[in-house]
>>> print(open('upload_11.txt').read())   # compact mmCIF, C-alpha atoms
# COMPACT_ATOMS: atom_id res chain seq x y z
CA MET F 1130 0.26 23.21 -0.07
CA SER F 1131 0.95 24.84 3.31
CA THR F 1132 2.57 22.99 6.21
CA THR F 1133 -0.69 23.13 8.15
CA THR F 1134 -2.61 21.58 5.26
CA MET F 1135 -0.02 18.80 5.01
CA TRP F 1136 -0.46 18.03 8.71
CA ILE F 1137 -4.21 17.91 8.10
CA VAL F 1138 -3.71 15.47 5.21
CA LEU F 1139 -1.54 13.30 7.45
CA GLY F 1140 -3.98 13.39 10.37
CA ALA F 1141 -7.16 12.90 8.35
CA THR F 1142 -5.64 10.11 6.23
CA SER F 1143 -4.41 8.25 9.32
CA ALA F 1144 -7.68 8.65 11.22
CA LEU F 1145 -9.87 7.61 8.28
CA CYS F 1146 -7.69 4.66 7.31
CA PHE F 1147 -7.77 3.39 10.90
CA VAL F 1148 -11.56 3.75 11.20
CA ILE F 1149 -11.93 1.91 7.89
CA LYS F 1150 -9.81 -0.95 9.25
CA LEU F 1151 -11.66 -1.08 12.58
CA LEU F 1152 -15.04 -1.11 10.82
CA GLY F 1153 -14.30 -4.61 9.57
CA TYR F 1154 -14.22 -5.83 13.19
CA LEU F 1155 -17.35 -3.98 14.22
CA ILE F 1156 -19.95 -4.36 11.48
CA PRO F 1157 -21.88 -7.58 10.89
CA GLU F 1158 -20.60 -9.61 7.96
CA ARG F 1159 -23.95 -9.55 6.15
CA TRP F 1160 -23.79 -5.76 5.72
CA LEU F 1161 -21.15 -6.17 3.06
CA ALA F 1162 -22.41 -9.47 1.72
CA ASN F 1163 -23.86 -7.71 -1.33
CA ALA F 1164 -22.15 -9.26 -4.37
CA ARG F 1165 -22.16 -6.06 -6.40
CA LEU F 1166 -20.55 -4.10 -3.57
CA GLN F 1167 -17.84 -6.74 -3.25
CA ARG F 1168 -17.14 -6.77 -6.98
CA ILE F 1169 -16.82 -2.98 -7.09
CA ASN F 1170 -14.70 -2.94 -3.94
CA ALA F 1171 -12.32 -5.48 -5.48
CA LEU F 1172 -11.90 -3.29 -8.57
CA ILE F 1173 -11.35 0.02 -6.73
CA PRO F 1174 -7.63 -0.56 -6.00
CA ILE F 1175 -7.03 -1.43 -9.66
CA SER F 1176 -8.77 1.71 -10.93
CA LEU F 1177 -7.14 4.00 -8.39
CA LEU F 1178 -3.62 2.59 -8.81
CA SER F 1179 -4.00 2.86 -12.60
CA ALA F 1180 -5.09 6.49 -12.27
CA LEU F 1181 -2.15 7.14 -9.94
CA VAL F 1182 0.31 5.75 -12.51
CA ILE F 1183 -1.08 8.29 -15.00
CA ALA F 1184 -1.26 11.19 -12.51
CA GLU F 1185 2.30 10.67 -11.31
CA GLY F 1186 3.87 9.61 -14.59
CA PHE F 1187 2.21 11.73 -17.24
CA VAL F 1188 0.64 14.75 -15.61
CA GLN F 1189 1.92 18.21 -14.73
CA LYS F 1190 -0.76 20.21 -12.88
CA THR F 1191 -3.74 19.63 -15.22
CA HIS F 1192 -1.85 18.81 -18.42
CA VAL F 1193 -0.97 15.42 -19.81
CA VAL F 1194 2.75 15.57 -20.66
CA ILE F 1195 5.45 13.23 -21.91
CA ASP F 1196 8.82 13.81 -20.23
CA HIS F 1197 11.81 12.01 -18.68
CA ARG F 1198 9.46 10.05 -16.40
CA LEU F 1199 8.22 8.05 -19.41
CA ALA F 1200 11.68 6.50 -19.82
CA GLY F 1201 11.63 5.47 -16.17
CA LEU F 1202 8.15 3.96 -16.43
CA GLY F 1203 9.13 2.11 -19.60
CA VAL F 1204 12.03 0.49 -17.78
CA ALA F 1205 9.74 -0.29 -14.83
CA LEU F 1206 7.37 -2.07 -17.20
CA VAL F 1207 10.20 -4.12 -18.70
CA ALA F 1208 11.44 -4.98 -15.18
CA LEU F 1209 7.95 -6.11 -14.14
CA LEU F 1210 7.61 -8.22 -17.29
CA ALA F 1211 10.95 -9.80 -16.37
CA LYS F 1212 9.47 -10.55 -12.91
CA ALA F 1213 11.96 -8.28 -11.14
CA PRO F 1214 11.26 -7.64 -7.43
CA PHE F 1215 9.60 -4.37 -6.41
CA PRO F 1216 12.74 -2.51 -5.18
CA VAL F 1217 14.55 -3.33 -8.45
CA VAL F 1218 11.59 -1.98 -10.45
CA VAL F 1219 11.56 1.30 -8.52
CA VAL F 1220 15.33 1.83 -8.52
CA ALA F 1221 15.65 0.98 -12.23
CA ALA F 1222 12.87 3.46 -13.04
CA ALA F 1223 14.50 6.19 -10.94
CA ALA F 1224 17.96 5.65 -12.42
CA THR F 1225 16.67 5.70 -16.00
CA SER F 1226 14.55 8.77 -15.44
CA ALA F 1227 17.43 10.63 -13.76
CA LEU F 1228 19.72 9.76 -16.65
CA VAL F 1229 17.26 11.09 -19.25
CA TYR F 1230 16.62 14.17 -17.08
CA HIS F 1231 20.32 15.06 -17.06
CA LEU F 1232 20.90 14.28 -20.76
CA HIS F 1233 18.04 16.56 -21.65
CA MET S 988 19.08 -22.34 21.37
CA ARG S 989 15.45 -23.26 21.10
CA TYR S 990 12.61 -20.90 20.78
CA ALA S 991 8.86 -20.90 20.84
CA LEU S 992 6.20 -18.41 20.03
CA LEU S 993 3.68 -17.82 22.73
CA ARG S 994 0.72 -15.57 22.46
CA GLU S 995 0.76 -13.09 25.28
CA GLY S 996 -1.82 -10.35 25.46
CA ALA S 997 -2.00 -8.46 22.22
CA SER S 998 1.38 -9.40 20.83
CA TYR S 999 3.65 -12.34 20.50
CA GLN S 1000 6.73 -12.84 22.52
CA LEU S 1001 9.64 -14.62 21.04
CA ILE S 1002 10.80 -16.69 23.95
CA ILE S 1003 14.42 -17.64 23.72
CA ARG S 1004 15.66 -20.27 26.08
CA PHE S 1005 19.06 -21.76 26.50
CA GLY S 1006 19.49 -25.36 27.46
CA LYS S 1007 15.87 -26.09 28.17
CA THR S 1008 14.08 -27.55 25.21
CA VAL S 1009 11.00 -25.68 24.10
CA ARG S 1010 9.83 -27.54 21.05
CA MET S 1011 8.24 -25.69 18.26
CA SER S 1012 6.16 -27.84 15.97
CA ASN S 1013 6.99 -27.96 12.28
CA LEU S 1014 3.59 -26.48 11.69
CA THR S 1015 4.38 -23.31 13.61
CA ARG S 1016 7.88 -23.01 12.19
CA SER S 1017 6.54 -22.95 8.61
CA THR S 1018 4.04 -20.26 9.55
CA VAL S 1019 6.78 -18.15 11.14
CA ARG S 1020 8.96 -18.58 8.06
CA ASP S 1021 6.12 -17.56 5.74
CA SER S 1022 5.26 -14.56 7.89
CA LEU S 1023 8.77 -13.21 8.33
CA SER S 1024 9.75 -13.59 4.68
CA VAL S 1025 6.68 -11.61 3.63
CA ALA S 1026 7.26 -9.02 6.36
CA LEU S 1027 10.88 -8.37 5.38
CA THR S 1028 10.20 -8.26 1.64
CA VAL S 1029 7.23 -5.92 1.90
CA GLY S 1030 8.86 -3.86 4.63
CA THR S 1031 11.69 -2.83 2.32
CA TYR S 1032 9.11 -1.11 0.04
CA GLY S 1033 8.99 1.46 2.83
CA VAL S 1034 12.14 3.01 1.32
CA ALA S 1035 10.13 3.94 -1.77
CA PHE S 1036 7.38 5.44 0.36
CA GLY S 1037 9.76 7.47 2.53
CA ALA S 1038 11.44 8.86 -0.58
CA ALA S 1039 8.13 9.58 -2.35
CA SER S 1040 6.74 11.33 0.71
CA VAL S 1041 9.77 13.61 1.10
CA ALA S 1042 9.75 14.28 -2.65
CA ALA S 1043 6.10 15.37 -2.29
CA GLY S 1044 7.17 17.96 0.28
CA PHE S 1045 6.42 16.17 3.55
CA SER S 1046 9.06 16.31 6.30
CA VAL S 1047 10.93 13.23 7.50
CA LEU S 1048 8.84 13.29 10.70
CA GLN S 1049 5.57 13.47 8.75
CA SER S 1050 6.69 10.64 6.46
CA CYS S 1051 7.46 8.45 9.47
CA LEU S 1052 4.13 9.34 11.09
CA PHE S 1053 2.34 8.26 7.89
CA SER S 1054 3.91 4.81 8.19
CA LEU S 1055 3.23 4.55 11.92
CA LEU S 1056 -0.34 5.87 11.92
CA THR S 1057 -1.80 5.32 8.45
CA PHE S 1058 0.10 2.05 7.93
CA THR S 1059 -1.45 0.84 4.70
CA GLY S 1060 0.98 1.20 1.84
CA ALA S 1061 -1.15 1.95 -1.20
CA SER S 1062 -3.16 4.59 0.73
CA GLN S 1063 0.02 6.27 1.94
CA PHE S 1064 1.44 6.39 -1.58
CA ALA S 1065 -1.90 7.77 -2.82
CA ALA S 1066 -2.06 10.57 -0.22
CA VAL S 1067 1.47 11.81 -0.93
CA GLY S 1068 0.96 11.18 -4.65
CA VAL S 1069 -2.07 13.47 -4.85
CA VAL S 1070 -0.21 16.13 -2.86
CA ALA S 1071 2.80 15.80 -5.19
CA SER S 1072 0.58 16.26 -8.24
CA GLY S 1073 -0.74 19.53 -6.78
CA GLY S 1074 -4.11 18.17 -5.70
CA ALA S 1075 -6.25 19.46 -2.85
CA ALA S 1076 -6.10 18.04 0.67
CA ALA S 1077 -9.59 16.53 0.37
CA GLY S 1078 -8.56 14.72 -2.82
CA ALA S 1079 -5.49 13.25 -1.12
CA VAL S 1080 -7.48 12.01 1.88
CA ALA S 1081 -10.33 10.65 -0.28
CA ALA S 1082 -7.99 8.69 -2.56
CA ALA S 1083 -6.22 7.20 0.47
CA ALA S 1084 -9.51 6.29 2.17
CA LEU S 1085 -10.95 4.67 -0.98
CA LEU S 1086 -7.80 2.59 -1.38
CA GLY S 1087 -8.15 1.57 2.26
CA THR S 1088 -11.71 0.23 1.98
CA ARG S 1089 -10.44 -3.24 1.11
CA ASN S 1090 -9.04 -3.40 4.66
CA THR S 1091 -12.64 -3.38 5.92
CA LEU S 1092 -13.29 -6.58 4.01
CA TYR S 1093 -10.07 -8.05 5.43
CA GLY S 1094 -11.28 -7.18 8.94
CA ILE S 1095 -14.59 -8.91 8.29
CA GLN S 1096 -12.67 -12.03 7.26
CA MET S 1097 -10.23 -11.86 10.19
CA ALA S 1098 -12.70 -11.01 12.99
CA PRO S 1099 -14.16 -14.53 13.42
CA ILE S 1100 -10.65 -16.04 13.26
CA LEU S 1101 -8.94 -13.66 15.71
CA LYS S 1102 -11.92 -13.18 18.10
CA VAL S 1103 -10.31 -10.03 19.56
CA LYS S 1104 -11.76 -7.51 21.98
CA GLY S 1105 -10.65 -4.20 23.50
CA VAL S 1106 -7.02 -3.12 23.03
CA ARG S 1107 -6.19 -6.26 21.08
CA ARG S 1108 -8.95 -5.41 18.61
CA VAL S 1109 -7.49 -1.93 18.11
CA LEU S 1110 -4.03 -3.42 17.53
CA ALA S 1111 -5.40 -6.09 15.21
CA ALA S 1112 -7.27 -3.44 13.21
CA GLN S 1113 -4.15 -1.32 12.75
CA ILE S 1114 -2.18 -4.25 11.29
CA THR S 1115 -5.08 -5.48 9.12
CA ILE S 1116 -3.51 -5.03 5.67
CA ASP S 1117 -2.99 -7.03 2.45
CA GLU S 1118 -0.03 -9.00 3.79
CA SER S 1119 -1.22 -9.97 7.29
CA THR S 1120 -4.61 -11.09 5.93
CA GLY S 1121 -3.01 -12.83 2.96
CA VAL S 1122 -0.58 -14.86 5.08
CA ALA S 1123 -3.31 -15.67 7.64
CA LEU S 1124 -5.69 -16.99 4.98
CA SER S 1125 -2.88 -18.95 3.32
CA GLN S 1126 -2.35 -20.84 6.61
CA ALA S 1127 -5.92 -22.24 6.61
CA ARG S 1128 -4.73 -25.81 5.93
CA ARG S 1129 -2.54 -25.62 9.06
CA GLY S 1130 -5.47 -24.75 11.31
CA VAL S 1131 -6.88 -21.70 13.02
CA ASP S 1132 -3.92 -21.25 15.41
CA ALA S 1133 -1.56 -21.05 12.46
CA MET S 1134 -3.86 -18.48 10.87
CA ARG S 1135 -3.70 -16.33 14.01
CA HIS S 1136 0.07 -16.71 14.25
CA GLY S 1137 0.40 -15.80 10.58
CA PHE S 1138 -1.70 -12.68 11.04
CA TRP S 1139 0.07 -11.35 14.13
CA ILE S 1140 3.63 -12.17 13.10
CA THR S 1141 3.20 -10.86 9.55
CA GLY S 1142 1.33 -7.74 10.66
CA THR S 1143 3.82 -6.91 13.41
CA GLY S 1144 6.78 -7.77 11.19
CA VAL S 1145 5.60 -5.59 8.28
CA PHE S 1146 4.91 -2.78 10.78
CA ILE S 1147 8.45 -2.89 12.15
CA PHE S 1148 10.27 -3.21 8.81
CA TRP S 1149 7.95 -0.80 6.96
CA ASN S 1150 8.64 1.92 9.54
CA ILE S 1151 12.40 1.35 9.64
CA PHE S 1152 12.65 1.49 5.86
CA THR S 1153 10.35 4.53 5.64
CA LEU S 1154 12.78 6.41 7.87
CA LEU S 1155 15.74 5.31 5.72
CA GLY S 1156 13.97 6.36 2.51
CA ALA S 1157 12.87 9.70 3.91
CA VAL S 1158 16.30 10.58 5.31
CA GLY S 1159 17.93 9.41 2.08
CA ALA S 1160 15.61 11.47 -0.12
CA LYS S 1161 16.13 14.52 2.10
CA ALA S 1162 19.88 14.21 1.59
CA LEU S 1163 19.51 13.86 -2.17
CA GLY S 1164 17.65 17.13 -2.80
CA ASN S 1165 15.94 17.80 -6.16
CA PRO S 1166 13.62 14.78 -6.74
CA ALA S 1167 13.81 14.89 -10.55
CA SER S 1168 17.60 14.94 -10.47
CA TRP S 1169 17.62 11.51 -8.82
CA GLY S 1170 14.61 10.13 -10.68
CA LEU S 1171 12.36 10.15 -7.63
CA ASP S 1172 9.57 11.69 -9.72
CA ALA S 1173 9.62 8.53 -11.87
CA ALA S 1174 10.07 6.21 -8.88
CA VAL S 1175 6.61 7.18 -7.60
CA PRO S 1176 4.59 6.13 -10.69
CA ALA S 1177 6.87 3.09 -10.99
CA ALA S 1178 5.93 2.19 -7.40
CA PHE S 1179 2.24 2.49 -8.30
CA LEU S 1180 2.81 0.30 -11.34
CA GLY S 1181 4.59 -2.19 -9.09
CA LEU S 1182 1.66 -2.20 -6.65
CA LEU S 1183 -0.83 -2.58 -9.51
CA TRP S 1184 1.03 -5.34 -11.36
CA PRO S 1185 0.42 -8.33 -9.06
CA ARG S 1186 -3.32 -7.50 -8.97
CA LEU S 1187 -3.75 -7.95 -12.72
CA GLN S 1188 -4.49 -11.65 -12.46
CA SER S 1189 -6.99 -11.95 -15.34
CA ASN S 1190 -7.68 -10.37 -18.71
CA PHE S 1191 -10.79 -8.74 -17.24
CA LEU S 1192 -8.69 -7.02 -14.54
CA ARG S 1193 -6.15 -5.90 -17.18
CA VAL S 1194 -8.99 -4.37 -19.21
CA VAL S 1195 -10.19 -2.52 -16.08
CA ALA S 1196 -6.64 -1.19 -15.52
CA VAL S 1197 -6.21 0.01 -19.12
CA ALA S 1198 -9.71 1.53 -19.16
CA SER S 1199 -8.91 3.35 -15.89
CA MET S 1200 -5.66 4.74 -17.33
CA VAL S 1201 -7.39 5.94 -20.52
CA PHE S 1202 -10.16 7.48 -18.42
CA ALA S 1203 -7.60 9.25 -16.21
CA VAL S 1204 -5.81 10.69 -19.26
CA LEU S 1205 -9.13 11.90 -20.73
CA VAL S 1206 -10.42 13.62 -17.58
CA THR S 1207 -7.08 15.16 -16.49
CA PRO S 1208 -7.46 18.40 -18.54
CA LEU S 1209 -11.10 18.74 -17.46
CA MET S 1210 -10.75 19.02 -13.67
CA PRO S 1211 -8.48 20.35 -10.89
CA ALA S 1212 -5.30 18.40 -10.11
CA GLY S 1213 -5.85 15.36 -7.91
CA LEU S 1214 -9.54 14.99 -8.71
CA PRO S 1215 -9.08 12.72 -11.78
CA ILE S 1216 -7.63 10.06 -9.46
CA ILE S 1217 -10.77 9.68 -7.30
CA THR S 1218 -13.04 10.13 -10.32
CA THR S 1219 -11.55 6.95 -11.78
CA VAL S 1220 -13.56 4.99 -9.20
CA VAL S 1221 -16.41 5.42 -11.74
CA VAL S 1222 -14.59 2.89 -13.94
CA ALA S 1223 -14.52 0.37 -11.08
CA VAL S 1224 -18.25 0.90 -10.50
CA ILE S 1225 -19.07 0.44 -14.19
CA PHE S 1226 -17.03 -2.76 -14.54
CA GLY S 1227 -18.18 -4.15 -11.19
CA TRP S 1228 -21.87 -3.38 -11.67
CA LYS S 1229 -22.82 -6.45 -13.66
CA SER S 1230 -21.78 -9.94 -12.66
CA ARG S 1231 -19.53 -11.73 -15.08
>>> encode(input="upload_11.txt", output="structure tokens")
Amino acid sequence: MSTTTMWIVLGATSALCFVIKLLGYLIPERWLANARLQRINALIPISLLSALVIAEGFVQKTHVVIDHRLAGLGVALVALLAKAPFPVVVVAAAATSALVYHLH
Amino acid sequence: MRYALLREGASYQLIIRFGKTVRMSNLTRSTVRDSLSVALTVGTYGVAFGAASVAAGFSVLQSCLFSLLTFTGASQFAAVGVVASGGAAAGAVAAAALLGTRNTLYGIQMAPILKVKGVRRVLAAQITIDESTGVALSQARRGVDAMRHGFWITGTGVFIFWNIFTLLGAVGAKALGNPASWGLDAAVPAAFLGLLWPRLQSNFLRVVAVASMVFAVLVTPLMPAGLPIITTVVVAVIFGWKSR
């Protein structure tokens, strides 16, 4: 991705995310009172974050791959099950993945 | 040293006075404690974002601008995540925007409580995120003033800490070099897992998460990089369609 495109991503993401926030203060409550819309909206973060775990952990371009990142994610999962705080989860995953990467 | 929080214009001023007693009710003190503890904890996650952003190829300046201007964690991670996975610009922006739609619902909940207009509305909108709304709503039993305090202090606090820690993470990642060598490429999916985890409050939500992951794996070879992420919204629509 070119530098210009990355600036566009930054600008467009920031502008859209702000408009989305501001909308909540501008539109009448009843517009989003639809129960189905609310149910779907509540599930969107779960679906997207799940997809992002896969895309970042198991994908290279358009291929599903298993590599050193799996070890990191495994440790992250164990840390989360042990109720470790977020920074611990991320650092433990990074350290494990780096270790496997260098052993490989 | 006594202190009190006074609302002044769009922000809060921490008034520190020596000698003269400015009493702060227990009610307000608890709200401040709640707000600041959330702000500091969540703010430190900014390190992970700064590092992920630099690992995705963004500069330190761009990473900091993400945190200042976009300022909604999951969307920021999504935008740089799609870029890192080789996705198109439109895919990165769309994923970030879709993740940000919950902030609209937060705004709808906060608007009647905050009753803001003009510049204050713009500022309120920018800090309308999971944490500020969450703390505000959790203060309901302490009254509407506590809810407003909770919103502004948490929102402003997360903003300050999130941006400081983004800078630290970005500068740190820049100094480290090759992302894989330091495990940054695993830190990003681990961060997403960490953001997802606290949302999985019921078996139904866990099923949605697993179904979304399976769906993402299945569609990955079928479409350009980055697109499988947004396509997964289909799973949310399917599971949310019928009431349960």
>>> interface_residues(input="upload_11.txt", of="chain F", to="chain S", cutoff="7 Å", atoms="all atoms listed in the file", output="ChimeraX atom specification")
/F:1134,1138-1139,1141-1143,1145-1147,1149-1154,1158,1165,1168-1170,1172-1186,1189-1193,1198,1201-1202,1205,1215-1216,1218-1220,1222-1224,1226-1227,1230
>>> closest_residue(input="upload_11.txt", among="S:Ala1042, S:Ala1162, S:Leu1154, S:Ile1100", to="Trp1139 in chain S", atoms="all atoms listed in the file")
S:Ile1100
>>> closest_residue(input="upload_11.txt", among="F:Ala1164, F:Val1217, F:Val1188, F:Ala1144", to="Val1204 in chain F", atoms="only C-alpha atoms")
F:Val1217
>>> atom_distance(input="upload_11.txt", atom1="CA of Leu1124 in chain S", atom2="CA of Val1019 in chain S")
14.0 Å
>>> atom_distance(input="upload_11.txt", atom1="CA of Phe1138 in chain S", atom2="CA of Ala1123 in chain S")
4.8 Å
>>> atom_distance(input="upload_11.txt", atom1="CA of Gly1142 in chain S", atom2="CA of Leu1166 in chain F")
26.4 Å
